[in-house]
Amino acid sequence: MTRTARLARFVTLSVALGISAAGAQNLAAYTALASSLEGAVQARATSAQAALTRLDAAGQALEQLAPTLRNQQIVSGLKDALGASRAALARTPAELEAQVLLARGLMRKALYDQSLVVLAGTPANADAQLRVLAREFGLTGAAAQALTQDARGGHLERAAWRLQRAAAQKVSAALQTTQAQQSTGSYVNLARATSWFTVVQDASGVGTLRLSQFGDALRQLTAGDTAALSASLVTLRAGTQAFTQALATPPAVAGTPATPPPSGSATAAQKPPVTPSPPAATSGRAAPSAAPATGSAVAGAPAVYAALGRALSATSHADGAAARAALQDAAAQLARVGTPLRDTAEFQHLQRALNGVQDRRALRPSDVQALIGGLANAERAAAGERVSALDGASMGTAGWFSGWLRVLIFTLLAAAVAVPLYLLNLAFGGRNTFWRAIMAGLSLLLLPLVLEGLFGLLGALGDLFGGGLLASFTNLTLTQGAYALPIWTLLAAGALGLLAFGFRGLCQQFGLLGDQSGSQSNPMQHTVIDWDEDL
C-alpha cells in the first residue's frame, strides 16, 4: 500500500470516528454542565462557597462530556472558561456571569454542530437531541414544533436556519442594551452577545462580522476607551442587522433528505470555530477596577486567584490539609507573575503573608479572604489605581490574629462568659420571671462566643492531630460560613425578645411603665422579689 493510500485511509477513518463521536454526544452530561454553570451564577449573589460547589459539579460534568465532543478546540475553550470562572469567584458576580456566558456559547456551538450531523444520519431517532436544541436556543411552542418537523423531514437547511435566526435575534437584543460606557450591565450584555455569536460564527450569512470584533469591544469596554467602544458597537449592530436580514427568508425545502448540513455544521471541518477569549475582569461600575484588560499586570494573576479560591473552599468546610496544599500552590503561582505586578509594594506584602500562612494550623475562611483582598490590592497598584485600605488592614490583621492565637483567645473568652452570668444569678437570684428572661437573653447573646471558643478549639486540635471528625467541629461555629448567619440572626432575635420582655417587666414593677396609680393603690399587686429587700 502506498503512502498516499495509507494517508487517505487514515483521513477517512478519522472523519468516520469524528462523526461517530458526534453522534454519541452525552446529552445528560451536557444538561448537567449547563445546569451547574447557571446555578453557579445564581448562587454567587449570596454565597461564593455555594457557587464554587456548583463549579466543581460543572467540572465533573465536563469530564464526562469532553470525550463525546468532536471538536477538541471547543473542549479546550470550555476548560479555560471553567478555570476563568473559578478565578472570577474572587472578584464580582458580573465577572462570573460573563465567563459562564462564554462557556455556554461554546457548549451551544458544539451542540449545534454535532446535532446537525446526527440529524443528517438518523433524524427519526433524534428526539432527545431536538429537545435539547429547542431548549438551548429558546424555541418553544410552534417554533419548537417547526424545528422538529424540519429535522425529522430531513430539511436540515431549514432546521439550521431556525436555530441561526434564534441566535441572531439574541445577539441583536444583547447589543441593543449595551451602552458605550463602563458598567456592569454593558459588560454582561456584551458578553452575552459574544456568547450567542460564537454559535453562528461560521454561518454563511454573517458577512464581514467576526468574533474577534466582539473581543475587541470587550477589551475597549474594560480599558475605558468609550470612543472606540462606541464605534465598535455601531459596527457590530450594523453587522448583526445585516445578518438578521439575510435570515429573514427561509431556505427552500430540499427535495431529498440527504441534503448536506449547512455552513457552520459539524461537517464543515475545514474551518474550525474560533473560541472567544475570556473577557477582561471588571469590578463594580468601573470595569477595569479589578484588573486591566491587557498588559502584564494581570499575567499569572488568574492562576493565583484560582488557587486561593480552592483554599477558601477547603477552609470553608474545615479541610486544613487541602487548604494548605492550595496555599502552597498559590505561592508557587504568585512567584511566576511578571512585572509590573511584582514590582509593587502590595505584591511584597502579599508574598510575605502567603509564605507565612502556608503551614499555619487552624486556618479559617477569613485568613484566605484577606489574601484574596491583598492580591486585588496588588493588581490595583500595578494598574495605577488607589488600593483598598480595608483590604490592606484585613491582610495585616490576619497575619497575626489567626491560627492558635485566635483559638486561645476565643477559648479564654468563652470560658469567661460563665463569670458575669454566675454573678448575675448570684446577685439577683432566679425566682423572678423577668430576671430569668434577662439571664436567658444574655446567654443567647453570648452563645456565638461560646461556640467559637469551644468548637474552634476542638477543630484546631483535630487539624493538629489529623482527626477529620474532630476538625469538623469548626463548622459548628457561627463565623465559618454564610450558612451560620440565619442561626446567628435567630439567636439575636430571641435574645432581644427575652431582654425586652425582662426589662419591661422590671420597669412595670418599678412603676415606670403601665398604670402607676394602680400600682401605688395596691402595693401587694406584685409578688415580693428577692433583689429589692434592701432598697
# chains A, B, ... in the order shown; residues from 1 in each chain; ligands from 1
call {"tool": "residues_around", "arguments": {"residues": "stretch 429-444 of chain A", "least_positions_apart": "2", "cutoff": "12 Å", "atoms": "only C-alpha atoms", "output": "VMD selection string"}}
result
chain A and resid 414 417 to 427 446 to 451 487 to 509 526 to 532
call {"tool": "select_by_dssp", "arguments": {"residues": "stretch 13-257 of chain A", "states": "helix (DSSP H, G or I)", "output": "ChimeraX atom specification"}}
result
/A:13-23,27-44,48-68,72-88,93-121,123-125,127-136,141-152,156-176,184-199,204-206,211-223,226-246
call {"tool": "residues_around", "arguments": {"residues": "stretch 81-88 of chain A", "least_positions_apart": "3", "cutoff": "6 Å", "atoms": "only C-alpha atoms", "output": "ChimeraX atom specification"}}
result
/A:78,91,95-96,99,103,302,305-306
call {"tool": "closest_atom_pairs", "arguments": {"of": "stretch 437-463 of chain A", "to": "stretch 347-362 of chain A", "cutoff": "10 Å", "atoms": "only C-alpha atoms", "output": "tab-separated table"}}
result
residue	atom	partner	partner_atom	distance
A:Gly456	CA	A:Ala362	CA	8.1
A:Leu457	CA	A:Ala362	CA	8.7
A:Leu458	CA	A:Ala362	CA	9.9
A:Gly459	CA	A:Ala362	CA	7.2
A:Ala460	CA	A:Ala362	CA	4.7
A:Leu461	CA	A:Ala362	CA	8.1
A:Gly462	CA	A:Ala362	CA	8.8
A:Asp463	CA	A:Ala362	CA	6.3
call {"tool": "closest_residue", "arguments": {"among": "A:Leu175, A:Ala330, A:Leu308, A:Leu163", "to": "A:Ala203", "atoms": "only C-alpha atoms"}}
result
A:Leu163
call {"tool": "residues_around", "arguments": {"residues": "A:Leu390", "least_positions_apart": "5", "cutoff": "10 Å", "atoms": "only C-alpha atoms", "output": "JSON list (two decimals) with C-alpha atoms, in the first residue's frame"}}
result
[["chain", "number", "residue", "atom", "x", "y", "z"],
["A", 370, "ALA", "CA", -7.65, 38.56, 53.43],
["A", 373, "GLY", "CA", -8.03, 41.12, 49.07],
["A", 374, "GLY", "CA", -4.24, 41.55, 49.15],
["A", 377, "ASN", "CA", -4.74, 45.44, 46.02],
["A", 395, "MET", "CA", -4.44, 41.13, 55.42],
["A", 396, "GLY", "CA", -2.27, 42.72, 58.08]]
call {"tool": "residues_around", "arguments": {"residues": "A:Ser366", "least_positions_apart": "4", "cutoff": "12 Å", "atoms": "only C-alpha atoms", "output": "list in words"}}
result
Leu308, Ala311, Leu312, Ser313, Thr315, Ser316, Ala362, Ala370, Leu371, Ile372, Gly373, Asp391, Ser394, Met395, Gly396, Thr397, Ala398, Gly399, Phe401, Ser402, Gly403, Arg406, Thr479, Gln480 and Gly481 of chain A
call {"tool": "closest_residue", "arguments": {"among": "A:Pro250, A:Gly338, A:Gly309, A:Gly384", "to": "A:Leu52", "atoms": "only C-alpha atoms"}}
result
A:Gly309
call {"tool": "residues_around", "arguments": {"residues": "A:Ala128", "least_positions_apart": "3", "cutoff": "10 Å", "atoms": "only C-alpha atoms", "output": "ChimeraX atom specification"}}
result
/A:27-28,125,131-133
call {"tool": "write_last_selection", "arguments": {"atoms": "N, CA, C and O atoms", "output": "mmCIF file, in the first residue's frame"}}
result
data_model
loop_
_atom_site.group_PDB
_atom_site.id
_atom_site.type_symbol
_atom_site.label_atom_id
_atom_site.label_comp_id
_atom_site.auth_asym_id
_atom_site.auth_seq_id
_atom_site.Cartn_x
_atom_site.Cartn_y
_atom_site.Cartn_z
ATOM 1 N N LEU A 27 -25.733 13.819 26.192
ATOM 2 C CA LEU A 27 -26.693 14.892 26.454
ATOM 3 C C LEU A 27 -26.962 15.060 27.940
ATOM 4 O O LEU A 27 -27.245 16.163 28.405
ATOM 5 N N ALA A 28 -26.879 13.964 28.702
ATOM 6 C CA ALA A 28 -27.081 14.072 30.148
ATOM 7 C C ALA A 28 -25.972 14.907 30.778
ATOM 8 O O ALA A 28 -26.229 15.762 31.641
ATOM 9 N N ASN A 125 -34.635 9.317 14.923
ATOM 10 C CA ASN A 125 -34.260 8.849 16.266
ATOM 11 C C ASN A 125 -33.539 9.932 17.053
ATOM 12 O O ASN A 125 -32.696 9.637 17.897
ATOM 13 N N ARG A 131 -34.973 18.053 21.544
ATOM 14 C CA ARG A 131 -35.472 18.707 22.762
ATOM 15 C C ARG A 131 -34.392 19.593 23.377
ATOM 16 O O ARG A 131 -34.678 20.719 23.821
ATOM 17 N N VAL A 132 -33.177 19.100 23.418
ATOM 18 C CA VAL A 132 -32.084 19.905 23.979
ATOM 19 C C VAL A 132 -31.814 21.125 23.098
ATOM 20 O O VAL A 132 -31.604 22.241 23.593
ATOM 21 N N LEU A 133 -31.838 20.935 21.773
ATOM 22 C CA LEU A 133 -31.633 22.066 20.864
ATOM 23 C C LEU A 133 -32.688 23.149 21.063
ATOM 24 O O LEU A 133 -32.365 24.346 21.171
#
call {"tool": "closest_residue", "arguments": {"among": "A:Leu65, A:Ala228, A:Ala167, A:Val41", "to": "A:Ala29", "atoms": "only C-alpha atoms"}}
result
A:Leu65
call {"tool": "closest_residue", "arguments": {"among": "A:Pro67, A:Gly59, A:Gly224, A:Gly320", "to": "A:Ser472", "atoms": "only C-alpha atoms"}}
result
A:Gly320
call {"tool": "closest_residue", "arguments": {"among": "A:Ser172, A:Leu236, A:Gly466, A:Val337", "to": "A:Gly215", "atoms": "only C-alpha atoms"}}
result
A:Leu236
